[in-house]
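Down below is the structure, laid out as structure tokens.
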Amino acid sequence: MKHVDLVIIGGGSAGLAAAIKAYDEGIQSILVLEKEKYLGGILLQCIHNGFGLTTFQEELTGPEYAHRYVEEVLKRPIDIKLETMVMEITPDKQVHYSNELEGYIIVQAGAIICATGCSERTRGAINIPGHRPAGIITAGLAQKYINIDGFHVGKRVFILGSGDIGLIMARRLRFEGVEVLGVAELMPYSNGLNRNLVQCLYDFNIPLFLHHTIKDIIGQTRIEKIVVGEVDDDFQFIPGTEKEFEIDALLLSVGLIPSNPILEKLGIALHPRTKGPWVDEQLQTEIPGIFACGNSLHVHDLVDFVSLEGEKAGVSASKYLKTELLTGTMISLKAGYGIGYVLPQRVHQNSLGPIQISYRVIKPYQNVTVLVRQGNCVVKKIRKPFLFPAEMEQISFSLSQLETDEEVWVEVQDA
Amino acid sequence: MRDLICIVCPRGCHLTVENGKVTGNFCKRGIQYGLQEATNPVRMVTSTVAIHDGLIARLPVVTSQSIPKSMMFEVIREIQTIEVVAPITIGTIIIENVLNTGTNIIATRTVERRSS
């Protein structure tokens, strides 16, 4: 059986950053397995600009951002296999993959990084009532059809969900001459970035219906009409608020879920909130030598943070291969009041340097304090003029301030 | 009078611009944004053009710099008239000085020729 030091599953923003970093840290035999025909992942269909402000201090389009990483990967002797599906990985780190050229291959990996991205929630995931006609697709799939494959999705479109991809697609469709009748959002606030609300909806006078969702879908073969209604604070429809829209396509932008079929098959438990594996501050999963990063670990809103996380996984995998990775007692990190999730979920007690925690709040907050505490001992406190669920936040603290190995909480303190 | 939502940061202040004066801003960056939006709003525009014999069907493009917001649709219509043939390298100018804006339309992806 062929042996490879590091196998990276996924050639998107996380996997590419991990590959570059691991090579630069001295790992020479690296294999990247990518299911598509090209490297770059989902960035390639995100043709709009605004990527890379943190990493490159300039605003790039998705394909340009991907190109920078692909170029760096190609400069290094990193083995890349495209149109390759990973079938499974084993606890002793054998990787089973298959492609047209080689057939079914098993390699022995020293370490594995899972960078398999995320997938879109579908109509089934949110239980929309009504008929089941053609013309209902996820916003990201519509984005691929329009931006890469050159297909139209409809002439009169409505968008359910105010996630960023939905907002971006509203503008994209308007540019393609498509009528966008509106965007409905179940929550009383938008789930997209403010900048996208302004530049993708308000610029084009596309109405945003907050606290609204779809009550009925009508259409036998092709979607013909939807009924949208306002909901109350318990998400029950308010009678008399129904609005009808005649459309031929409905786009769903109702959230992303980390895609971890390979880890699930391996029996690794997924966190109920992040839907990714539990990891420590080195991004190592419960199985030593298997790491996770990017949108398959937790859904990000900015690619820059995906790349940074990929780099961190690359460094950790190389440390693991050099047996320099930290082991020993770990302290749990927990999401407290107002916090949806924290990542990592555990840190090594002997970890040096500041621990950076990524978190999301469960609802919008204004003028609050976010704190990190162990028992009654507050180890970090920061003022936040505002917090939104759509924005991933980070807070760091030092382990040297901890007195015990009890769990550490991150929480919002309002007023 | 113009009502705007500031996009400089996630806070999203509701700005009012009246007679060259911005109100409703939390920080000074809002003043600059408000004045720019009220007097000369600009946008980067991205779209795709048809590419023949390529590995993919559409070539993504971007304006080399921001263009007046009022010209977005005109520029898009210009982009829609273009068809190119693969291979095309990232950074290639697809339209020079589009509609005399001083802005080029450039390819944002390398598309290789399809081996048939």
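Quick note on naming: the chains in the structure tokens go A, B, ... in the order shown, residues restart at 1 in each chain, and ligands are numbered from 1 in order of appearance.
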Handout entry: Interface, chain B side, toward chain A (6 Å; only C-alpha atoms) as a list of chain:residue names
Key =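 In the required form, that comes to B:Ile7, B:Pro10, B:Thr46, B:Ala57, B:Arg58, B:Thr108, B:Arg109.
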Filtering to N, CA and C atoms, could you give me those residues as a JSON list (two decimals), in the first residue's frame?
[["chain", "number", "residue", "atom", "x", "y", "z"],
["B", 7, "ILE", "N", -22.65, 50.88, 5.13],
["B", 7, "ILE", "CA", -22.17, 49.50, 4.97],
["B", 7, "ILE", "C", -20.70, 49.37, 5.37],
["B", 10, "PRO", "N", -20.57, 46.19, 10.22],
["B", 10, "PRO", "CA", -21.83, 45.45, 10.37],
["B", 10, "PRO", "C", -22.90, 46.19, 11.17],
["B", 46, "THR", "N", -19.69, 42.74, -11.42],
["B", 46, "THR", "CA", -19.20, 41.44, -11.87],
["B", 46, "THR", "C", -20.30, 40.75, -12.66],
["B", 57, "ALA", "N", -18.65, 26.89, -19.40],
["B", 57, "ALA", "CA", -19.45, 27.63, -20.38],
["B", 57, "ALA", "C", -19.38, 29.15, -20.21],
["B", 58, "ARG", "N", -19.07, 29.63, -19.03],
["B", 58, "ARG", "CA", -19.06, 31.06, -18.77],
["B", 58, "ARG", "C", -17.73, 31.52, -18.19],
["B", 108, "THR", "N", -11.65, 37.07, -14.64],
["B", 108, "THR", "CA", -11.25, 36.76, -13.27],
["B", 108, "THR", "C", -10.90, 35.28, -13.10],
["B", 109, "ARG", "N", -10.85, 34.56, -14.23],
["B", 109, "ARG", "CA", -10.52, 33.13, -14.11],
["B", 109, "ARG", "C", -9.80, 32.70, -15.39]]
Exercise for the section: Could you give me, as a ChimeraX atom specification, each residue of range 24-58 of chain B that DSSP assigns to helix (DSSP H, G or I) when run on this structure's backbone? Expected result: /B:29-39
When you look at range 61-70 of chain B with a cut-off of 6 Å (counting only C-alpha atoms), what residues show up, excluding the ones that are within fewer than 2 positions of it in the same chain? I need them as a PDB file with N, CA and C atoms, in the first residue's frame.
ATOM      1  N   PRO B  41     -22.317  57.814  -6.001  1.00  0.00           N
ATOM      2  CA  PRO B  41     -22.234  56.395  -5.626  1.00  0.00           C
ATOM      3  C   PRO B  41     -21.575  55.571  -6.730  1.00  0.00           C
ATOM      4  N   VAL B  42     -20.681  54.689  -6.335  1.00  0.00           N
ATOM      5  CA  VAL B  42     -19.985  53.831  -7.309  1.00  0.00           C
ATOM      6  C   VAL B  42     -20.099  52.373  -6.872  1.00  0.00           C
ATOM      7  N   ARG B  43     -19.963  51.468  -7.843  1.00  0.00           N
ATOM      8  CA  ARG B  43     -20.027  50.032  -7.561  1.00  0.00           C
ATOM      9  C   ARG B  43     -19.024  49.297  -8.453  1.00  0.00           C
ATOM     10  N   MET B  44     -18.484  48.209  -7.928  1.00  0.00           N
ATOM     11  CA  MET B  44     -17.785  47.254  -8.772  1.00  0.00           C
ATOM     12  C   MET B  44     -18.876  46.385  -9.402  1.00  0.00           C
ATOM     13  N   VAL B  45     -18.683  46.008 -10.656  1.00  0.00           N
ATOM     14  CA  VAL B  45     -19.683  45.162 -11.308  1.00  0.00           C
ATOM     15  C   VAL B  45     -19.031  43.850 -11.719  1.00  0.00           C
ATOM     16  N   THR B  46     -19.692  42.743 -11.419  1.00  0.00           N
ATOM     17  CA  THR B  46     -19.199  41.438 -11.870  1.00  0.00           C
ATOM     18  C   THR B  46     -20.298  40.747 -12.664  1.00  0.00           C
ATOM     19  N   SER B  47     -19.882  39.986 -13.670  1.00  0.00           N
ATOM     20  CA  SER B  47     -20.833  39.212 -14.461  1.00  0.00           C
ATOM     21  C   SER B  47     -20.053  38.103 -15.167  1.00  0.00           C
ATOM     22  N   THR B  48     -20.649  37.522 -16.178  1.00  0.00           N
ATOM     23  CA  THR B  48     -19.936  36.499 -16.955  1.00  0.00           C
ATOM     24  C   THR B  48     -20.138  36.770 -18.441  1.00  0.00           C
ATOM     25  N   MET B  72     -24.499  50.903 -14.009  1.00  0.00           N
ATOM     26  CA  MET B  72     -24.377  49.452 -13.822  1.00  0.00           C
ATOM     27  C   MET B  72     -25.042  48.653 -14.944  1.00  0.00           C
ATOM     28  N   THR B 103     -12.685  52.382 -17.543  1.00  0.00           N
ATOM     29  CA  THR B 103     -12.623  51.113 -16.825  1.00  0.00           C
ATOM     30  C   THR B 103     -12.567  49.961 -17.820  1.00  0.00           C
ATOM     31  N   ASN B 104     -11.711  48.983 -17.532  1.00  0.00           N
ATOM     32  CA  ASN B 104     -11.677  47.794 -18.375  1.00  0.00           C
ATOM     33  C   ASN B 104     -12.509  46.681 -17.737  1.00  0.00           C
ATOM     34  N   ILE B 105     -12.975  45.781 -18.599  1.00  0.00           N
ATOM     35  CA  ILE B 105     -13.630  44.569 -18.108  1.00  0.00           C
ATOM     36  C   ILE B 105     -12.594  43.455 -18.212  1.00  0.00           C
ATOM     37  N   ILE B 106     -12.278  42.832 -17.092  1.00  0.00           N
ATOM     38  CA  ILE B 106     -11.199  41.837 -17.114  1.00  0.00           C
ATOM     39  C   ILE B 106     -11.675  40.459 -16.644  1.00  0.00           C
ATOM     40  N   ALA B 107     -11.019  39.438 -17.209  1.00  0.00           N
ATOM     41  CA  ALA B 107     -11.348  38.045 -16.845  1.00  0.00           C
ATOM     42  C   ALA B 107     -10.848  37.756 -15.445  1.00  0.00           C
ATOM     43  N   THR B 108     -11.654  37.072 -14.644  1.00  0.00           N
ATOM     44  CA  THR B 108     -11.246  36.759 -13.273  1.00  0.00           C
ATOM     45  C   THR B 108     -10.900  35.281 -13.096  1.00  0.00           C
TER      46      THR B 108
END
Exercise for the section: Compile the contact shell of Val107 in chain A as an NGL selection string: residues with an atom at most 6 Å away, counting only C-alpha atoms, same-chain residues fewer than 2 positions apart removed. Expected result: :A and (1-3 or 94-95)
Could the residues in this selection be written to a file with C-alpha atoms, as a PDB file, in the first residue's frame?
ATOM      1  CA  MET A   1       0.000   0.000   0.000  1.00  0.00           C
ATOM      2  CA  LYS A   2       1.268   3.436  -0.916  1.00  0.00           C
ATOM      3  CA  HIS A   3       2.137   5.707   2.010  1.00  0.00           C
ATOM      4  CA  GLN A  94      -6.199   4.529   5.450  1.00  0.00           C
ATOM      5  CA  VAL A  95      -7.884   6.608   2.760  1.00  0.00           C
TER       6      VAL A  95
END
Problem - Spatial neighbours of Val111 in chain B, max dist 10 Å, only C-alpha atoms, sep filter under 2 positions, as a PyMOL selection string - result: chain B and resi 51+53-60+85-90+107-109+113-114
Problem - range 187-192 of chain A environment, 12 Å, only C-alpha atoms, sequence neighbours closer than 5 positions dropped, as a PyMOL selection string - result: (chain A and resi 160-168+197-201+208-213+230-236+253-256+301-302+362-365+388-392) or (chain B and resi 10+12)
Residue selection dump (C-alpha atoms) as a short mmCIF file (atom, residue, chain, number, x, y, z; two decimals), in the first residue's frame:
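Result written to part.cif:
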data_model
loop_
_atom_site.label_atom_id
_atom_site.label_comp_id
_atom_site.auth_asym_id
_atom_site.auth_seq_id
_atom_site.Cartn_x
_atom_site.Cartn_y
_atom_site.Cartn_z
CA LEU A 160 -36.77 32.39 0.50
CA GLY A 161 -34.21 33.21 3.16
CA SER A 162 -31.95 36.21 3.47
CA GLY A 163 -28.65 34.36 3.70
CA ASP A 164 -25.79 35.94 1.81
CA ILE A 165 -25.99 33.62 -1.18
CA GLY A 166 -29.67 34.47 -1.64
CA LEU A 167 -28.93 38.20 -1.54
CA ILE A 168 -26.00 37.86 -3.93
CA LEU A 197 -28.58 43.87 1.93
CA VAL A 198 -27.75 47.35 0.68
CA GLN A 199 -25.87 46.49 -2.51
CA CYS A 200 -27.94 43.48 -3.59
CA LEU A 201 -31.49 44.38 -2.53
CA LEU A 208 -37.30 42.24 1.85
CA PHE A 209 -40.17 40.73 3.86
CA LEU A 210 -38.91 40.18 7.39
CA HIS A 211 -40.81 37.80 9.68
CA HIS A 212 -42.40 36.23 6.59
CA THR A 213 -42.26 32.77 5.15
CA GLU A 230 -46.23 37.11 7.99
CA VAL A 231 -45.51 35.20 11.20
CA ASP A 232 -45.79 36.21 14.85
CA ASP A 233 -43.13 35.80 17.53
CA ASP A 234 -44.00 32.10 17.84
CA PHE A 235 -43.57 31.73 14.05
CA GLN A 236 -47.30 31.10 13.52
CA SER A 253 -31.19 30.47 0.83
CA VAL A 254 -32.02 28.94 4.18
CA GLY A 255 -28.68 28.04 5.61
CA LEU A 256 -25.61 25.90 5.17
CA ASP A 301 -19.20 33.96 6.55
CA LEU A 302 -15.80 35.19 5.31
CA ILE A 362 -28.01 33.33 18.89
CA LYS A 363 -29.71 36.69 18.29
CA PRO A 364 -28.69 40.30 17.63
CA TYR A 365 -27.34 42.21 20.65
CA PHE A 388 -25.20 39.65 14.91
CA PRO A 389 -25.79 35.92 14.40
CA ALA A 390 -24.72 36.37 10.76
CA GLU A 391 -21.23 37.46 11.82
CA MET A 392 -18.74 35.02 13.28
CA PRO B 10 -21.83 45.45 10.37
CA GLY B 12 -25.48 49.38 9.76
#
Problem - Shell around Gly40 in chain A at 7 Å using only C-alpha atoms, local window under 6 positions removed, as a PyMOL selection string - result: chain A and resi 11-13+66+70
Practice task
Using backbone DSSP assignments, extract all strand (DSSP E or B) residues from chain B; output them as a PyMOL selection string.
Solution key: chain B and resi 2-5+14-18+21-23+42-43+46-52+54+58-63+67-68+83-85+88+93-95+105-107+111+113
Those same residues, written as a CSV table (one decimal), in the first residue's frame with C-alpha atoms?
chain,number,residue,atom,x,y,z
B,2,ARG,CA,-31.3,60.9,1.3
B,3,ASP,CA,-31.8,58.0,3.8
B,4,LEU,CA,-29.0,55.4,3.6
B,5,ILE,CA,-27.8,52.4,5.5
B,14,HIS,CA,-29.2,54.6,9.4
B,15,LEU,CA,-27.8,57.8,7.9
B,16,THR,CA,-29.5,60.9,6.7
B,17,VAL,CA,-27.7,63.1,4.2
B,18,GLU,CA,-29.1,66.7,3.9
B,21,LYS,CA,-24.4,67.1,6.2
B,22,VAL,CA,-24.5,63.5,7.4
B,23,THR,CA,-26.5,62.6,10.6
B,42,VAL,CA,-20.0,53.8,-7.3
B,43,ARG,CA,-20.0,50.0,-7.6
B,46,THR,CA,-19.2,41.4,-11.9
B,47,SER,CA,-20.8,39.2,-14.5
B,48,THR,CA,-19.9,36.5,-17.0
B,49,VAL,CA,-19.4,36.3,-20.7
B,50,ALA,CA,-20.0,33.3,-23.0
B,51,ILE,CA,-16.8,31.4,-23.7
B,52,HIS,CA,-16.5,28.8,-26.6
B,54,GLY,CA,-13.7,26.2,-22.8
B,58,ARG,CA,-19.1,31.1,-18.8
B,59,LEU,CA,-16.0,33.3,-18.2
B,60,PRO,CA,-16.4,35.4,-15.0
B,61,VAL,CA,-15.4,39.1,-15.4
B,62,VAL,CA,-15.1,42.2,-13.2
B,63,THR,CA,-14.7,46.0,-13.8
B,67,ILE,CA,-18.1,52.6,-12.0
B,68,PRO,CA,-20.9,55.1,-11.4
B,83,GLU,CA,-18.4,36.2,-26.7
B,84,VAL,CA,-14.8,34.8,-26.4
B,85,VAL,CA,-13.0,31.7,-27.3
B,88,ILE,CA,-8.4,32.8,-21.7
B,93,ILE,CA,-8.8,42.5,-20.8
B,94,ILE,CA,-12.1,41.5,-22.3
B,95,ILE,CA,-13.5,45.0,-23.0
B,105,ILE,CA,-13.6,44.6,-18.1
B,106,ILE,CA,-11.2,41.8,-17.1
B,107,ALA,CA,-11.3,38.0,-16.8
B,111,VAL,CA,-10.4,28.9,-18.6
B,113,ARG,CA,-9.5,24.9,-23.9
Fill in the blank from the handout: Of A:Glu407, A:Leu326, A:Lys381, A:Asp280, the one sitting nearest Pro344 in chain A when using only C-alpha atoms is A:Asp280
